[in-house]
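What follows is one structure encoded as structure tokens, with my remarks underneath.
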Amino acid sequence: MATVEERIKKVTARVLRLDPKEIRPEHSFTEDLGAESVQSIELVAMFEEEFGIEMDEDAALSVSTVGGAVDFITNVCKEQGVDVE
Amino acid sequence: MRLILVDKSGDHRQNFHPLTLSRPLWELRCGMTSLGEKLQAKIGASDIAYFLPEYMAEVYRAKTDRPVNDPASLTGADLLIVDARVKADGFTVPTGRSEVGVNEQGEVLYARITAVDLKKVNGADIAAFLESAKAALPNVRCELPTWNYTWDLILASPHQIAADFAIAGRSGIEGTVEEPSAIRGNRNDVYIARGAKVHPMVVIDAEHGPIYIEEDVEVHPFTRIEGPCYIGRKSILLGTKCREGNSIGPWCRLGGEVEESIIQGYSNKYHDGFLGHAYVGEWVNLGALTTNSDLKNDYTTVSVMLDGRHAIDTGSTKVGCLIGDHTKTAVGAFFNTGAYVGAMAIIMAAGKALPKYIPSFAWFVEGVVTKGFGHKTLYETAATAMSRRKCQWTEADRAMWDAIFEMTAGPRDEAVKKGRRAMLK
């Protein structure tokens with residue numbers, strides 16, 4: 001199974017139309033990867049779909065970097081009993 | 001005699017969604033006044049109390065000095081309890097002995113209970129109280145005309161404006177009308193209240209119906225108002241093509257083309273775009289060029305989905321959109337004929353007709369329903385919008401909208417899932 005980071009990069013690349021290899025943990029979704037507000041909404045929706053989790057919108061949208069998303073989603077998966085690598 | 005207006009929890013409330021998600025049925029407008037005001041005027045009562053769904057009681061208490069969901073109001077006087085769906089025009093006010101008006105479905109539409117007979121009736125809540133009255137007191141089979149759907153109000157409003165204008169008994173110009181402006185038709189069919197300002201280059205056309213302009217309304221140049229029409233206090237018309245049959249509540253901003261529509265109040269449709277045969281709630285903002293269709297190309301009757309699943313044939317070829325409180329549309333939003341747009345929704349244009357059902361609290365983005373930035377963000381926006389009109393978003397508002405959020409979760413969650421599947425394609 002792919003790691004949380006790999007899966008987040010894959011989803012981010014698809015939504016923002018980027019090459020996954022170009023995405024690094026320190027990248028900001030908005031400033032470095034160019035996510036607009038509408039795409040942020042789409043990202044949250046696609047992360048939920050990818051991992052089968054429900055995220056609090058306010059908390060999820062306060063996450064600014066790819067690495068932050070890895071930590072945040074890992075925690076949510078643990079809380080909601082979803083196994084991840 | 002004390003008038004008790006009742007809006008019971010039950011299936012019929014959904015027929016008036018999304019407008020009645022956040023207000024009792026009797027607050028809905030038709031013509032120049034609300035349904036409640038019409039019933040009060042018909043019955044001639046000054047002693048009034050209200051029963052409505054508990055989740056909105058606290059918010060409503062802040063809007064009235066009369067008792068709300070207060071069991072004490074069911075004691076100590078002759079009572080006339082009336083279901084808010086009853087049309088005032090067709091209601092013959094019962095007097096004399098106690099009687100309970102029951103329709104074909106067995107629903108209590110009214111109950112006259114003398115103070116003496118009150119001892120025969122009891123109940124933990126208003127529904128139980130009415131059932132007890134039905135069991136204990138003489139029943140009268142009644143076929144009273146009732147309001148059954150929101151579009152009933154839209155379709156009746158133009159005639160109702162004319163009727164309400166006659167009842168109001170006012171005409172003439174107490175405000176200012178700057179020259180050159182034109183009043184067509186009979187001047188007795190025009191009333192412009194004190195403080196209202198009609199700028200130059202405005203046409204007020206009362207040839208086909210009366211026009212009532214409330215206090216402190218401002219009508220900007222190049223507006224044309226066709227009667228019958230009612231404009232609520234403090235509203236502003238901005239070069240509006242205000243076609244016949246509009247009932248506009250207080251504090252609205254109105255531009256573009258509007259026809260046979262009802263706007264509850266405190267809403268903005270500032271820019272160009274067509275709104276026809278629509279009912280718009282409070283604190284709605286329609287972005288530039290937001291437009292709804294109100295007539296199908298094949299001239300067949302319009303259907304509306306009130307629950308997101310089942311289409312209801314309105315029986316009318318002209319029905320526009322229903323838009324709940326606090327909903328905002330982006331520029332270029334286009335609503336299909338008979339669209340249902342829930343409350344607290346954020347709608348971004350999709351470059352084509354939007355879905356006919358958009359749930360409450362939906363963030364409609366990139367052509368699909370999403371959870372967006374969540375309902376807390378919507379509350380912040382609502383508080384900001386209300387503060388701009390010197391109104392306050394309160395804890396009671398938050399609690400009521402939290403309840404509405406829960407009540408409307410089913411169709412929204414379903415739409416979000418559908419949206420996810422569309423995103424993945």
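In the structure tokens, chains take the letters A, B, ... in the order shown, each chain's residues start at 1, and ligands count up from 1 in the order shown.
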
For stretch 3-18 of chain B, find every residue with an atom within 6 Å (counting only C-alpha atoms), except residues of its own chain fewer than 6 positions away, and show them as a list in words. Ile48, Ala49, Tyr50, Phe51, Leu52, Pro53, Leu80, Ile81, Val82, Asp83, Ala84, Tyr149, Thr150, Gly324 and Gly342 of chain B

Would you save the residues from that selection as a PDB file, in the first residue's frame, using C-alpha atoms?
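Result saved to out_28.pdb:
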ATOM      1  CA  ILE B  48     -52.324  36.947  19.729  1.00  0.00           C
ATOM      2  CA  ALA B  49     -50.013  34.075  20.591  1.00  0.00           C
ATOM      3  CA  TYR B  50     -47.901  31.758  18.478  1.00  0.00           C
ATOM      4  CA  PHE B  51     -47.000  28.081  18.365  1.00  0.00           C
ATOM      5  CA  LEU B  52     -44.194  26.996  16.073  1.00  0.00           C
ATOM      6  CA  PRO B  53     -41.458  24.342  15.887  1.00  0.00           C
ATOM      7  CA  LEU B  80     -59.433  30.782  18.153  1.00  0.00           C
ATOM      8  CA  ILE B  81     -56.598  28.491  17.132  1.00  0.00           C
ATOM      9  CA  VAL B  82     -55.866  28.683  13.413  1.00  0.00           C
ATOM     10  CA  ASP B  83     -53.488  26.658  11.273  1.00  0.00           C
ATOM     11  CA  ALA B  84     -51.306  29.170   9.425  1.00  0.00           C
ATOM     12  CA  TYR B 149     -46.969  25.156  -1.483  1.00  0.00           C
ATOM     13  CA  THR B 150     -44.701  28.169  -1.799  1.00  0.00           C
ATOM     14  CA  GLY B 324     -33.580  30.049   1.137  1.00  0.00           C
ATOM     15  CA  GLY B 342     -31.610  25.664  -0.057  1.00  0.00           C
TER      16      GLY B 342
END

Kindly determine which residues of chain B lie within 12 Å of chain A, considering only C-alpha atoms, and give the answer as a ChimeraX atom specification. /B:346-348,362-378,413,416-425

All strand (DSSP E) residues (DSSP, backbone) inside stretch 95-224 of chain B, as a PyMOL selection string: chain B and resi 99-102+108-113+139-141+172-173+176-177+182-184+190-192+197-198+203-205+211-213+218-219+224

Pick out the residues sitting within 9 Å of stretch 112-118 of chain B, and hand them over as a PyMOL selection string; count only C-alpha atoms, and ignore anything fewer than 6 positions along from it in its own chain. chain B and resi 1+74-82+94-101+133+137

Dump C-alpha atoms for the selected residues as a short mmCIF file (atom, residue, chain, number, x, y, z; two decimals), in the first residue's frame?
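Dumped everything to result06.cif:
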data_model
loop_
_atom_site.label_atom_id
_atom_site.label_comp_id
_atom_site.auth_asym_id
_atom_site.auth_seq_id
_atom_site.Cartn_x
_atom_site.Cartn_y
_atom_site.Cartn_z
CA MET B 1 -60.96 36.33 21.88
CA LEU B 74 -53.93 28.36 25.97
CA THR B 75 -55.75 29.36 29.14
CA GLY B 76 -57.89 32.16 30.51
CA ALA B 77 -59.75 33.38 27.41
CA ASP B 78 -61.89 32.31 24.49
CA LEU B 79 -59.47 30.92 21.92
CA LEU B 80 -59.43 30.78 18.15
CA ILE B 81 -56.60 28.49 17.13
CA VAL B 82 -55.87 28.68 13.41
CA PRO B 94 -66.52 31.21 13.95
CA THR B 95 -68.28 32.74 16.91
CA GLY B 96 -70.53 31.32 19.60
CA ARG B 97 -70.11 27.77 20.84
CA SER B 98 -66.91 25.78 20.68
CA GLU B 99 -66.19 23.94 17.43
CA VAL B 100 -63.26 22.28 15.74
CA GLY B 101 -62.85 22.65 11.98
CA ALA B 133 -59.96 19.52 21.34
CA LEU B 137 -65.55 19.26 21.24
#

10 Å contact set for stretch 165-179 of chain B, only C-alpha atoms, chain neighbours under 6 positions out, as a PyMOL selection string: chain B and resi 31-32+159+187-202+209-219+221+228-230

Hey, what's within 6 Å of stretch 65-78 of chain A if we count only C-alpha atoms and toss same-chain stuff fewer than 2 positions away? As a PDB file with C-alpha atoms, in the first residue's frame, please?
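So the final result, stored in around.pdb, reads:
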ATOM      1  CA  GLU A   5       2.423  11.066   1.769  1.00  0.00           C
ATOM      2  CA  PRO A  25       6.271  18.124   1.994  1.00  0.00           C
ATOM      3  CA  GLU A  26       7.291  21.725   2.665  1.00  0.00           C
ATOM      4  CA  HIS A  27       5.226  23.017  -0.245  1.00  0.00           C
ATOM      5  CA  SER A  28       2.324  25.294   0.597  1.00  0.00           C
ATOM      6  CA  PHE A  29      -0.837  24.306  -1.267  1.00  0.00           C
ATOM      7  CA  VAL A  63      -3.616  22.997   7.041  1.00  0.00           C
ATOM      8  CA  GLN A  80     -11.582   7.145  12.713  1.00  0.00           C
ATOM      9  CA  GLY A  81     -10.011   3.682  12.729  1.00  0.00           C
ATOM     10  CA  VAL A  82      -8.748   3.760   9.157  1.00  0.00           C
TER      11      VAL A  82
END

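Here atom CA of B:Arg233 is placed at a distance of 27.1 Å from atom CA of B:Arg398.
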
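Here the DSSP assignment of helix (DSSP H, G or I), based on backbone atoms, applies within stretch 308-398 of chain B to Gly374, His375, Lys376, Thr377, Leu378, Tyr379, Glu380, Thr381, Ala382, Ala383, Thr384, Ala385, Met386, Ser387, Glu395, Ala396, Asp397 and Arg398 of chain B.
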
One decimal, in Å: what's the spacing between atom CA of B:Ser34 and atom CA of B:Ala163? 13.3 Å

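Among the candidates B:Thr64, B:Gln264, B:Trp401, B:His326, the one nearest to B:Thr384 when counting only C-alpha atoms is B:His326.
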